[in-house]
Each structure stands twice: as C-alpha cells, then as structure tokens.
Amino acid sequence: MQTSRRALLSVFPAATLLAVAQPLRAWGVSRPDGTVADTAADHAVLIGNVVAMFAGTADSNARPEVGPKLASIDSTARARLTAMDGAGQGELFRGLPLGTSDTNLTTSFQYLYEIALATRTPGTASGLRDDVTVQRRVIDGLARLYDDYYGTQSKGYYGNWFNWEIGISSHVSKTLVLLRDQLAEHRPDLTAAYVASMDAYLRNGKSGDVDLDSRFHTGANLADITTNRILQGAVLEDGARIGKAIADQLTVFATVDPYHPLHGLTDGFYSDGSFIQHASVAYTGSYGTGLLTRVVQTLKILEGTSYAQDIGGLVDTVRQWVVDGFAPLIFEGWMMEIVKGRAVSRTATGYDSVASVVEAVVDLSGCATGADATALKGYVKHIRQTSKAVLDPKSFVSPVSIARYAALLADASVPAKDLNPAERNAAFNAMDRTVHRRPGYAFALARSSTRISKYEYMSGENLMPWFQGDGAHYLYLSGQDQTQAFGVDYYTAVSPYRLAGVTAPVESRKTIPELYGTQWYDNPERGFTSSSESQNAYVYFPRGTNTFSGGAGLGAYGAVGFVQADDAAYAAKQAGDLPDDFVAYRNAQATKSWFMFDDEIVVLAAGVGDAAGRPVTTTIDSRIAGPSDVVTLTGELRNGRAWSGPGTAPLAWLRYADAGQGTAVGYVFLDEQQPTVALDTVTRSRRIVRASNPDTMVSKKVFSVSVEQAATAPPASMAYALVPNASERRLRSYAHGPVSVLVNTPRIQAVQHAGLRIVAVNVFAPGTHHAGRLSIDGPASVILQEARDGTTRVAVSDPTTERDAVSVTVRGRTLKALSVDDGVSVGPARGGTRIGIATRHSYGRSFTATLRQHGAPTPFMAGDPTAAS
C-alpha cells in the first residue's frame, strides 16, 4: 500500500516550515579572475531581468507591435479584479470555489499573478501601473490563500501533484518577484512563509533542496521547479539557493544515456533528438516545448549576473535541440501529432504549439553568434512564411520577445531558411518515432515497445488513445491548413479503431471514466492512486510488450519495422498481477515495415490477425475533409478497368482527391488484397476525446481505405504504397515498377526500388535471411544502395536495442571499404563481403559503411532476387 504524498506532508506543522525559511548566508560566486561577485548586485539584476521578461521594458513596450500584448495584460487584470469584487462565500474570485478543488486554487494564484503583472508593466494606458492599492489587494489575496488553503500542509495536497509542486509555485514565485518591494512594506513575513511551504510540498514534508531522485522531478518538470527556486532565491537574497537551483537545472541539459541514466531517470533529450517525459512518453510537442521555454528563460533571467558563467555551454546545447529535436517535427508551422501525448485531444494544438517554440528560438538567436544566430533567425522567418496560420505574437510570454521578433522579421539581411534539409529522414529510435520529409509532404510514424508507451491518457484527456502507438501515421501535405486534416477534429471524426496505419480488432472499448466512474482506476490498497507508479504503468501510459521497433536510416532514406503486441496492462492482467475489476484489452497481431523513399512510402504487413478469433481491420489510411469539400475517389482494378468509389474491389491503385483543400494522395496495391474504400459524413462532439473540451459539434467527411478480415480468416499479409500528391498518370506507372516486394512474412520483409537502386530489409527472427544480394544474421534493419559508379552504401541498425552485434553479407564480388562508422568492420566472406557491426549499447542508431568494387560494376541487384528464412 502506498502512502499518499499529502499524508507525508501533514505531519510537518506550519511552525516548523517557517523556522527553516530563514535566509541562508549569501553565496559567494567566484568570477573567472578569482574574485567574488557582489551577490546583492546579482540579485538586483536577476530580479530586474525577471520583471523585464514578463512585464517588458519602456523600450520594448514602446514598439507598436507590442501594443496588443499590453492591452491583453491590462484587460486580463481588469477582468480578474472584477471577478475578485464579485467573489462569493469560499471564493477569492467569482466562480472559483475553494477548499476541495486544487485546480481552482491554482487558478486563483494565477489570477493574482495576472493582476500583479499589470501593475508592473510599462506602457499600459489604464492606470494600473504602480497602483499600490491594487498591489496590496494582491498581497492580501496571497495572505488569505496561504492562511486558509495553502500554508498548512495538512489542508493541502489533494488532486494533482503538479498543482502543489509546480503550478502554484510558478504563479507564486513570479508574484513574489513582481511585488517584492510592496511585500517588504505590507507583509514582510509572507515571502519567507510561502517559500517554506513551497519547499515542503516539493519534498514531501522535508524542507530543503530538490529531490533529484524523485520520479516527479525530471525533465521539463525539473526545469520548472528549478526556475521557481531561482526566483525564490532572488527574493530571499539567498545565493546558495540560486546556485543549487542552477546546478540542478543543468542536469536537464545532459544527453540521456539509456544504459547509464542519471539518477535512474530517462526523461530528457537523447542523442538522436528524441525527447521523453514520464519515463516512456514521446513528448517533444508538449513537455518538450515547456522545457525549451524554461531553459531559454533561464538564460534571460541570469543575463548580466555572475551566475551566468555556469551555463556557458547551454546555448549550443539548446540550439542542437532545436535543429535535431524540434525542427524535424514542425511541418509548415504545425507541430506533429506523434509527440504530443494526451495534448493531441486539446483544441489549441498544432500551430499554437509552435508559437512557444518560435518565441524560444527568437530569444535563443539573441544569445547565439555568427552563423548559428543567422540560421535560427532564418528558421523563424521560414516558419512565418510557410505556416497556414498567422502566428500571433500576443501569445508570447514576454513583451521583449515580441519586440525582438518584430525586429527580426524586419531584418532584410536574414533570409528565410528551414533548419531541415529539403530531404530528411529523422529516425527518433529512442522514442519509437520516425519522420520522413520531402518537398511537398511529411510522413510521421508512431510506434511503441517495451521502451516506449503505446499512448498517453490522463486527467480526462485523450479518452480513446488505444492504438495511437501501433503504427499510426500522419501524412501532412504542403500548402494545406493542417487544422482541416489533423488536430482534435481528426481524433473526433475518425474512429479510434481506424486511425491511419492501424491494425485493430473489431470490438468496442470503454474509456477510463466509463470503466471506473473517475479519471483513473482508484484502488489504493493495490497501489493505484491518482499519481502512483502503477497508475502510470497500466492506465496512463502503458508500454508495449514487444522489443522490435525501429530501423535504419541511409542518408535521406529510411526503413522501419514494428512487431505489434499487447500492452503491459494486458500482460500483467493475464499474469494475475492486477485486481479482478481492472479491465485490460487484448490487441491484434501484426508484423509491419515501412520503407520510405522519395515519391512513396511502401508498407508491408504480415501475420495480420487475432489469436482471440475476432475480426480485424487494417486501415491503410484515413483522412478528413470539410463537409462541403468535393472529394473524389478514382482508381483502377487489377484487370485494368476504371473504378470509382466507395466500395470493395480488387484495386491496383486508388486516388483520393479533395478539391476543397487542393490535395491528393495515391495508394498502390502491391498484392492481391481487396481493400474497402469508404467516404462518410460524421458529426461528433469534441468532448468525446477530452472531457473538458467545449461541447462543439464537428462535422467532417471521413475517408478510409482498409482491409477487413473475418474472424475465421487465417493471418494475412498485405503490401501497398502511399504516394503523396499523386496524379492518376503517376499511379498507373507503378504497374511497371519501380517498386517490387522481395519477401513479406512475419520473419523477414524486404522491398526493392529499381529507380533508386535500393534494397531495404527488416529481419524479425533469428537465423540467416536473404533478400536480393543481402544475407542478414538475426533481427536487424538494413538498407543497401548501389551507385552506378560501383559505390555501395549500407546502413544497419538493431531495432531491438538488445543485440551486441549484427552481421550482414553483400553477395557478389568482394567490396573494399572506402569509409565506415566506428564499430563497423568489413572483410571478405565466402561468396561476397561481410560487414560486422558492433551494436551493443547503440540504442537503435544506424551504422553506415561505404564500399566499392574493383572492375566493372555489377548490374543492379544481380543475384538471387528471392528471400528465404
């Protein structure tokens, strides 16, 4: 049985907390020349930086582009004061009853901060600036919340832990900085009291520093906590606190080594650009953006102080996050769904998510120098030019950032330029995600494994997430308003069992609130509380039970494999480790590969079926369109006759075209399946995917193309290609190549692309397997490309992350190594050339060898074109 965090806090009385709140001795910061910094001056600069960051300066706020932000700050504060005037019994603000709702308490602190901010913002016209009466109303509000709801820990810590350890502290810490002088005059005891309580909530009743071994204090959460503590140290003039907070925050910037995780935690950025939060959730697009914002704010907060010397390498680290972690996931100003966790169900995502990234990049460009600064500025302009949504800088946190953004856009010396090359395959193997980019489209793929969660559900958000990590894909087309194709309306209109790319059993599942009547499974005696590890592992974000998920990248081309399996909750239920009333659902089975080229993404699936005897649907694609959009479905049967849908037919190819959005996608069927094509008008409320969404009805045309298997059908295989922006003429050409399937079984899947001179293979089973000129030992992903001059490039990865070595033989004339990555060896073998790859502790990354033969080049793909296990 797990003791609740509130119970731990309740044993520490408020008097004890106040006793530990006395400021520590000033911390002497050593300068590079060995002298000691003036900490009092440092704290004054730090506080000035914080006020400038949130309230702006006279210079920044004088720019006309900042005017809408100033008006928003002022009108928000006026609305909060009106709500304060109208508060009823048990409320500080009208409509926010206190005492049982941690959300309302957190919002009340937020409202106080928003009022305080208006009193410190230069350039507002309403007269709230420096209004002492208003400032003291805020302070009195803080005192009331402290006395009645927050200061005594036995009354607190109900609901979501985040509110007590981060949310409330963030609002309070900023308010203490903004009103520092008035607090010293009006309530000099209140700042220390609040800091003591914030410490207590943070440490489960143990006063002191951040607990770096806590599973709550990681990644973006740790950045939030430490930023709050920097602000608290400034108002207390506590240099030791600031120094310790900076040191703790610096641990966030270390690249995660999954084999030797710091403090046993796996949250943060990985060497391949992946970002993980909650130990196993791919989360660049939500928690990752929060972390980016917070660390750039740290740069701004510490600017001009002696503390800044400790973070000199931060700028380049964060710049690399932007280049390798964020840029591949942003398509024409839209944040991709595959890295947003439960946030995919919110109404304000996609373009809105990128606004915070843009603000951070704008500020980061001011810290960078030379070509790096130019590239960051050019990227901001690129997003501005390509996004279908006009970025509103009013959403920026800082008026200073708005002024800098306006100046950047006006700088004609900086050209707009993407940080992505025009052609890019980004293999985020550490978080089971892949992004494939070409001029005209981007393809994003979400998978799962024993390492990465199948989905994230929490707090009534993302209510029907079950298959989002089972090979779900998102095909973004250039020039399209992505709110019309994806975002919350995609999840609202498209059945959760028919997400693009998903194989799912035909059944009806219930959401967590439907199953248990609450937003989580509540069973404290068995370890299930709202924020327990069991809740995380089996309800909020269960991992898969498969190890094979990942693949190789060769330049801008990619091969990815995935073995679909049950989630951890179903496995634990079958093992008898979960309570009888806990509901877990069984998955269907499939082995899948995605081979990503220039004009097409080729998909192979084998062993598709269900051991429980249920019907199974494999959705090749699903897309949405406006109810008035003209959607046409045309195609050709395998006998050469023309076809128009919807319906079920032995198709050779299919073309979906949406005249309203000016988009088209082609589907080439590389085997003899009979796909079912549907086009239906669906009307649903956005609340079906998130309980707190407005009850807005969404009406969409929903297109899907799928393969339906009966309950009695044997396991099936299928092969097809997605062709973005395809014309009918282009689709007809696939009857003569260039793509061909070499083998498609649950043991090995391989394709050949004659035009690109590529063979790509995923091997899923032990033993030696053959495809084209390749012989591969055991589970691996391999891409081979031959150039016409006799040069051959080979990329190899271990998608299981568990193998120490992989062996690949290229049959034919002996090849000599021109260049190889570390860990790769090349030598002669019987009938060819052996490539040995030391994959131990490589965590799925690709190893590349460039080879060349002597004499005349071997004709492309000479050798056995078949494959055998």
# chains A, B, ... in the order shown; residues from 1 in each chain; ligands from 1

call {"tool": "residues_around", "arguments": {"residues": "Glu600 in chain A", "least_positions_apart": "5", "cutoff": "8 Å", "atoms": "only C-alpha atoms", "output": "PyMOL selection string"}}
result
chain A and resi 721-724

call {"tool": "write_last_selection", "arguments": {"atoms": "N, CA, C and O atoms", "output": "mmCIF file, in the first residue's frame"}}
result
data_model
loop_
_atom_site.group_PDB
_atom_site.id
_atom_site.type_symbol
_atom_site.label_atom_id
_atom_site.label_comp_id
_atom_site.auth_asym_id
_atom_site.auth_seq_id
_atom_site.Cartn_x
_atom_site.Cartn_y
_atom_site.Cartn_z
ATOM 1 N N ALA A 721 1.647 0.963 -51.219
ATOM 2 C CA ALA A 721 2.472 2.168 -51.175
ATOM 3 C C ALA A 721 1.574 3.387 -51.044
ATOM 4 O O ALA A 721 0.532 3.485 -51.717
ATOM 5 N N LEU A 722 1.966 4.298 -50.190
ATOM 6 C CA LEU A 722 1.332 5.611 -50.095
ATOM 7 C C LEU A 722 2.104 6.557 -50.999
ATOM 8 O O LEU A 722 3.336 6.644 -50.910
ATOM 9 N N VAL A 723 1.397 7.279 -51.855
ATOM 10 C CA VAL A 723 2.047 8.165 -52.821
ATOM 11 C C VAL A 723 1.479 9.574 -52.649
ATOM 12 O O VAL A 723 0.405 9.897 -53.169
ATOM 13 N N PRO A 724 2.146 10.421 -51.902
ATOM 14 C CA PRO A 724 1.626 11.782 -51.667
ATOM 15 C C PRO A 724 1.554 12.591 -52.956
ATOM 16 O O PRO A 724 2.428 12.489 -53.833
#

call {"tool": "closest_atom_pairs", "arguments": {"of": "range 500-569 of chain A", "to": "range 478-495 of chain A", "cutoff": "12 Å", "atoms": "only C-alpha atoms", "output": "JSON lines"}}
result
{"residue": "A:Ala500", "atom": "CA", "partner": "A:Val494", "partner_atom": "CA", "distance": 9.1}
{"residue": "A:Val502", "atom": "CA", "partner": "A:Ser495", "partner_atom": "CA", "distance": 11.0}
{"residue": "A:Ala504", "atom": "CA", "partner": "A:Ser495", "partner_atom": "CA", "distance": 11.0}
{"residue": "A:Val506", "atom": "CA", "partner": "A:Ser495", "partner_atom": "CA", "distance": 11.4}
{"residue": "A:Glu507", "atom": "CA", "partner": "A:Ser495", "partner_atom": "CA", "distance": 11.7}
{"residue": "A:Ser508", "atom": "CA", "partner": "A:Ser495", "partner_atom": "CA", "distance": 10.8}
{"residue": "A:Arg509", "atom": "CA", "partner": "A:Ser495", "partner_atom": "CA", "distance": 11.6}

call {"tool": "residues_around", "arguments": {"residues": "Asn587 in chain A", "least_positions_apart": "4", "cutoff": "8 Å", "atoms": "only C-alpha atoms", "output": "PyMOL selection string"}}
result
chain A and resi 504-505+565-567+610

call {"tool": "write_last_selection", "arguments": {"atoms": "all heavy atoms", "output": "PDB file, in the first residue's frame"}}
result
ATOM      1  N   ALA A 504      -6.383  -3.131 -35.891  1.00  0.00           N
ATOM      2  CA  ALA A 504      -7.108  -3.209 -34.627  1.00  0.00           C
ATOM      3  C   ALA A 504      -8.189  -4.274 -34.700  1.00  0.00           C
ATOM      4  O   ALA A 504      -8.787  -4.496 -35.760  1.00  0.00           O
ATOM      5  CB  ALA A 504      -7.743  -1.856 -34.303  1.00  0.00           C
ATOM      6  N   PRO A 505      -8.472  -4.926 -33.569  1.00  0.00           N
ATOM      7  CA  PRO A 505      -9.594  -5.866 -33.539  1.00  0.00           C
ATOM      8  C   PRO A 505     -10.921  -5.126 -33.631  1.00  0.00           C
ATOM      9  O   PRO A 505     -11.031  -3.973 -33.203  1.00  0.00           O
ATOM     10  CB  PRO A 505      -9.435  -6.553 -32.180  1.00  0.00           C
ATOM     11  CG  PRO A 505      -8.729  -5.537 -31.334  1.00  0.00           C
ATOM     12  CD  PRO A 505      -7.808  -4.793 -32.261  1.00  0.00           C
ATOM     13  N   ALA A 565       2.059  -5.859 -30.526  1.00  0.00           N
ATOM     14  CA  ALA A 565       1.834  -6.784 -29.415  1.00  0.00           C
ATOM     15  C   ALA A 565       0.887  -6.147 -28.411  1.00  0.00           C
ATOM     16  O   ALA A 565       0.460  -4.995 -28.563  1.00  0.00           O
ATOM     17  CB  ALA A 565       3.157  -7.146 -28.756  1.00  0.00           C
ATOM     18  N   ASP A 566       0.563  -6.901 -27.364  1.00  0.00           N
ATOM     19  CA  ASP A 566      -0.291  -6.395 -26.293  1.00  0.00           C
ATOM     20  C   ASP A 566       0.445  -5.342 -25.483  1.00  0.00           C
ATOM     21  O   ASP A 566       1.679  -5.233 -25.536  1.00  0.00           O
ATOM     22  CB  ASP A 566      -0.714  -7.539 -25.372  1.00  0.00           C
ATOM     23  CG  ASP A 566      -1.611  -8.541 -26.064  1.00  0.00           C
ATOM     24  OD1 ASP A 566      -2.538  -8.108 -26.765  1.00  0.00           O
ATOM     25  OD2 ASP A 566      -1.372  -9.756 -25.924  1.00  0.00           O
ATOM     26  N   ASP A 567      -0.310  -4.583 -24.710  1.00  0.00           N
ATOM     27  CA  ASP A 567       0.337  -3.619 -23.832  1.00  0.00           C
ATOM     28  C   ASP A 567       0.642  -4.263 -22.476  1.00  0.00           C
ATOM     29  O   ASP A 567       0.246  -5.397 -22.189  1.00  0.00           O
ATOM     30  CB  ASP A 567      -0.479  -2.337 -23.696  1.00  0.00           C
ATOM     31  CG  ASP A 567      -1.803  -2.525 -22.970  1.00  0.00           C
ATOM     32  OD1 ASP A 567      -2.006  -3.556 -22.303  1.00  0.00           O
ATOM     33  OD2 ASP A 567      -2.655  -1.616 -23.069  1.00  0.00           O
ATOM     34  N   ASP A 610      -5.786 -12.214 -35.387  1.00  0.00           N
ATOM     35  CA  ASP A 610      -6.140 -12.104 -33.979  1.00  0.00           C
ATOM     36  C   ASP A 610      -6.243 -13.495 -33.373  1.00  0.00           C
ATOM     37  O   ASP A 610      -7.072 -14.311 -33.796  1.00  0.00           O
ATOM     38  CB  ASP A 610      -7.463 -11.359 -33.811  1.00  0.00           C
ATOM     39  CG  ASP A 610      -7.843 -11.211 -32.349  1.00  0.00           C
ATOM     40  OD1 ASP A 610      -7.081 -10.558 -31.626  1.00  0.00           O
ATOM     41  OD2 ASP A 610      -8.884 -11.771 -31.947  1.00  0.00           O
TER      42      ASP A 610
END

call {"tool": "closest_residue", "arguments": {"among": "A:Ala327, A:Val414, A:Ala282, A:Val782", "to": "Ala375 in chain A", "atoms": "only C-alpha atoms"}}
result
A:Val414

call {"tool": "select_by_dssp", "arguments": {"residues": "range 465-621 of chain A", "states": "strand (DSSP E or B)", "output": "ChimeraX atom specification"}}
result
/A:472-477,503-505,523,528,543-544,549-554,557-564,567,589-596,601-609,616-621

call {"tool": "closest_residue", "arguments": {"among": "A:Pro714, A:Gly460, A:Gly366, A:Gly471", "to": "Val560 in chain A", "atoms": "only C-alpha atoms"}}
result
A:Gly471

call {"tool": "decode", "arguments": {"residues": "range 469-572 of chain A", "atoms": "C-alpha atoms", "output": "compact mmCIF listing (two decimals), in the first residue's frame"}}
result
# COMPACT_ATOMS: atom_id res chain seq x y z
CA GLY A 469 1.28 3.93 -30.84
CA ASP A 470 0.51 0.92 -33.01
CA GLY A 471 1.91 2.18 -36.30
CA ALA A 472 -0.42 5.17 -36.59
CA HIS A 473 0.79 7.56 -39.28
CA TYR A 474 0.10 11.15 -40.31
CA LEU A 475 0.68 12.29 -43.88
CA TYR A 476 0.99 16.08 -43.99
CA LEU A 477 0.67 17.71 -47.41
CA SER A 478 2.27 21.02 -48.34
CA GLY A 479 0.08 24.07 -48.61
CA GLN A 480 -2.75 22.54 -46.61
CA ASP A 481 -4.28 24.05 -43.50
CA GLN A 482 -3.47 21.18 -41.15
CA THR A 483 -6.37 22.03 -38.84
CA GLN A 484 -8.55 20.75 -41.69
CA ALA A 485 -6.66 17.45 -41.83
CA PHE A 486 -5.48 16.63 -38.32
CA GLY A 487 -5.58 18.01 -34.78
CA VAL A 488 -8.51 17.50 -32.43
CA ASP A 489 -11.02 17.19 -35.27
CA TYR A 490 -9.16 14.22 -36.74
CA TYR A 491 -9.48 12.31 -33.46
CA THR A 492 -13.07 13.46 -33.08
CA ALA A 493 -14.26 12.38 -36.51
CA VAL A 494 -12.10 9.31 -37.19
CA SER A 495 -12.88 6.14 -35.25
CA PRO A 496 -10.09 5.30 -32.78
CA TYR A 497 -10.09 1.79 -34.30
CA ARG A 498 -9.48 3.21 -37.78
CA LEU A 499 -6.63 5.65 -37.34
CA ALA A 500 -4.39 5.76 -40.40
CA GLY A 501 -1.96 2.85 -40.41
CA VAL A 502 -3.50 0.94 -37.52
CA THR A 503 -4.40 -2.76 -37.27
CA ALA A 504 -7.11 -3.21 -34.63
CA PRO A 505 -9.59 -5.87 -33.54
CA VAL A 506 -13.24 -5.19 -34.26
CA GLU A 507 -14.61 -4.50 -30.77
CA SER A 508 -15.89 -1.71 -28.54
CA ARG A 509 -13.69 -0.45 -25.74
CA LYS A 510 -14.70 1.81 -22.86
CA THR A 511 -12.86 4.91 -21.73
CA ILE A 512 -11.37 5.11 -18.23
CA PRO A 513 -14.24 7.29 -16.89
CA GLU A 514 -16.75 4.87 -18.40
CA LEU A 515 -14.99 1.90 -16.80
CA TYR A 516 -14.42 3.28 -13.32
CA GLY A 517 -16.51 6.44 -12.92
CA THR A 518 -13.37 8.52 -12.26
CA GLN A 519 -10.44 9.78 -14.30
CA TRP A 520 -8.25 6.96 -13.04
CA TYR A 521 -8.51 3.47 -11.58
CA ASP A 522 -8.81 4.02 -7.82
CA ASN A 523 -7.59 1.17 -5.62
CA PRO A 524 -5.08 2.43 -3.03
CA GLU A 525 -4.80 -0.96 -1.32
CA ARG A 526 -3.37 -2.37 -4.56
CA GLY A 527 -1.17 0.65 -5.26
CA PHE A 528 -3.48 2.60 -7.59
CA THR A 529 -3.80 6.26 -6.62
CA SER A 530 -4.11 9.26 -8.91
CA SER A 531 -0.34 9.65 -9.36
CA SER A 532 1.06 6.26 -8.38
CA GLU A 533 3.55 4.32 -10.46
CA SER A 534 1.00 1.55 -11.00
CA GLN A 535 -1.44 4.09 -12.44
CA ASN A 536 1.26 5.29 -14.83
CA ALA A 537 2.32 1.81 -15.88
CA TYR A 538 -1.12 0.32 -16.51
CA VAL A 539 -3.59 3.19 -17.03
CA TYR A 540 -1.98 6.47 -18.04
CA PHE A 541 0.75 5.35 -20.43
CA PRO A 542 1.32 1.59 -20.65
CA ARG A 543 4.26 0.38 -22.68
CA GLY A 544 4.14 -2.37 -25.27
CA THR A 545 5.41 -5.89 -24.71
CA ASN A 546 7.37 -6.09 -27.98
CA THR A 547 11.07 -5.30 -28.33
CA PHE A 548 11.30 -4.87 -32.11
CA SER A 549 10.56 -1.25 -33.02
CA GLY A 550 12.93 0.87 -35.07
CA GLY A 551 15.04 0.79 -38.16
CA ALA A 552 17.89 2.00 -40.30
CA GLY A 553 18.48 5.33 -41.99
CA LEU A 554 20.70 5.78 -45.04
CA GLY A 555 21.02 9.45 -45.86
CA ALA A 556 17.50 10.67 -46.54
CA TYR A 557 16.00 7.16 -46.86
CA GLY A 558 14.60 5.03 -44.08
CA ALA A 559 13.44 1.52 -43.18
CA VAL A 560 11.38 0.87 -40.05
CA GLY A 561 9.98 -2.32 -38.58
CA PHE A 562 7.47 -2.97 -35.81
CA VAL A 563 6.04 -6.08 -34.19
CA GLN A 564 2.61 -5.27 -32.80
CA ALA A 565 1.83 -6.78 -29.41
CA ASP A 566 -0.29 -6.39 -26.29
CA ASP A 567 0.34 -3.62 -23.83
CA ALA A 568 1.82 -4.04 -20.37
CA ALA A 569 -1.59 -3.87 -18.68
CA TYR A 570 -2.97 -6.85 -20.60
CA ALA A 571 0.18 -8.86 -19.95
CA ALA A 572 0.03 -8.10 -16.22
